[in-house]
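In what follows, a single structure is set out as structure tokens and then discussed.
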Amino acid sequence: WADQFAYNKYIGSSPSLFTWNDMNEPSVFNGPEVSMQKDLRNLNGVEHREWHNLYGVLFQRATAEGLTHRNPDGNIRPFVLSRSFYAGSQRYGSIWTGDNESSWPHLKIAAPMLLSLNTAALSFVGADVGGFFGNPDAELMTRWMQAGAYQPFFRGHAHHDAKRREPWMFGDEWMVRMRRAAMARYALLPYWYTVFKEAGVTGMPVMRTMWMQYPDVEELYGIDDQYLIGSDMLVKPVTEAGATQTQVVFPTEHDWYDVDTIMKIPLNNDFVIDRITVQSDIDKIPVYQRGGSIIARKLRLRRSTQLMTKDPYTLYIALDKSSTYATGVLYMDDEISFDHERKGH
């Protein structure tokens, strides 16, 4: 399978054309379980139930190896999106949560699903923004754009029978809101890149449950509707129609700063957490930077990430409780090759 990606076999391919593996469970729509029967045997006599998920990860692995080896020096990173996955899939590319629905309940369940996957070491994950089946209204689409902008894999996708839902299809007022969410995503790419590097080296996920960063705070164990990106950014997606306020749970071990206003959130430090009701009308998604951290952004608006490569960094410094200290990490490489592994730079 990997050999089929060679340029002389994959007609029309190019070094910048990558791959999406879909239906690679393998799926059989006409079956009772939308898959092959579990007791079917392969040529070695092993039942399908034993290798169903393994097939998906090996499919993605072969695709990633094919996209790598098609280049003479094998030194361009592949990108492979896969629907089927298994333990180890994080080595080969990204995955998503499958065919969701354009509804508020499906927006709400996206964060717990993605947190579960991240806890299992699968970090490069996301849910289809706007939902796959159905037609989101302007408010739902905007809230999903805002949530998706703060999830590891961020993309819009829909069934071919769904109505078009590009941001400009909802009118200028809504387009501006969705564009603002996308701009926030692109500005934070240096931070995302750094956190992904940390995940690759340490195994700590990109999108973290609150308890993962604060394991001694039992009050955080049951929370799955807010989360951390790395250790320094707290996100609480708004998942209810018509919401103008939402409750955020802040660990009081650190100060927290609103990323839009740069103002510190007043907390009651007598307890290990503080539940604060914050304003969250349609123009606002509650996102906060941890006190004591430094986060890098790129603020020039570009048409692509390739054009951002040499843009300057802007550092956002959030002081700790003593108002004297902050630290941060910024990871940089050429963003294309494997030289960071082969040459150590």
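By order of appearance in the structure tokens: chains A, B, ..., then residues from 1 within every chain, and ligands from 1 in the order shown.
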Which polymer residues have any atom within 7 Å of an atom of stretch 70-84 of chain A, counting only C-alpha atoms, with same-chain residues fewer than 2 positions away left out, as a PyMOL selection string? chain A and resi 5-7+18-25+53+56-57+60+64+66-68+92-96+98+336-338
Can you tell me which residues surround A:Glu253 at a distance of at most 10 Å, considering only C-alpha atoms, apart from same-chain residues fewer than 4 positions away, and format the answer as a list of chain:residue names? A:Tyr214, A:Val217, A:Asn269, A:Phe271, A:Val272, A:Ile273, A:Arg290, A:Gly291, A:Asp320, A:Lys321
Neighbouring residues of A:Gly200 were defined as those with any atom within 12 Å, considering only C-alpha atoms; residues of the same chain fewer than 3 positions away were excluded. Please report them as a PyMOL selection string. chain A and resi 90-93+121-124+193-197+203-206+341
Could you pull out the strand (DSSP E or B) residues of stretch 140-298 of chain A from DSSP and send them as a PyMOL selection string? chain A and resi 156+207-208+227-229+233-235+245-251+256-258+264+273-279+287-290+293-297
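If you look at atom CA of A:Met233 and atom CA of A:Ile294, they are 10.3 Å away from each other.
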Tell me which protein, DNA and RNA residues are within 12 Å of A:Lys163, counting only C-alpha atoms, leaving out same-chain ones fewer than 3 positions away, and put them as a list in words. Ser102, Gly130, Gly131, Phe132, Phe133, Gly134, Asn135, Pro136, Asp137, His157, Ala158, His159, His160, Glu166, Met169 and Phe170 of chain A
Can you write out the residues you just picked, keeping C-alpha atoms, as a short mmCIF file (atom, residue, chain, number, x, y, z; two decimals), in the first residue's frame?
data_model
loop_
_atom_site.label_atom_id
_atom_site.label_comp_id
_atom_site.auth_asym_id
_atom_site.auth_seq_id
_atom_site.Cartn_x
_atom_site.Cartn_y
_atom_site.Cartn_z
CA SER A 102 -25.29 19.59 13.76
CA GLY A 130 -20.55 22.52 12.63
CA GLY A 131 -21.47 18.84 12.72
CA PHE A 132 -21.44 16.39 9.80
CA PHE A 133 -25.16 15.63 9.46
CA GLY A 134 -27.69 18.44 9.33
CA ASN A 135 -27.56 22.20 9.01
CA PRO A 136 -26.35 24.40 11.88
CA ASP A 137 -27.87 27.82 12.36
CA HIS A 157 -16.66 19.06 7.41
CA ALA A 158 -20.20 18.17 6.36
CA HIS A 159 -22.30 15.63 4.49
CA HIS A 160 -22.72 16.34 0.78
CA GLU A 166 -18.71 28.72 5.04
CA MET A 169 -22.90 32.15 4.20
CA PHE A 170 -24.38 33.43 7.48
#
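Going from atom CA of A:Trp211 to atom CA of A:Leu319 covers 22.8 Å.
Counting only C-alpha atoms, the residue from A:Ala87, A:Leu17, A:Leu267, A:Met207 that sits nearest to A:Leu115 is A:Met207.
Compared by their closest atoms to A:Gln146, and using only C-alpha atoms, the residues A:Pro237, A:Pro15, A:Gly230, A:Gly171 rank with A:Pro237 nearest.
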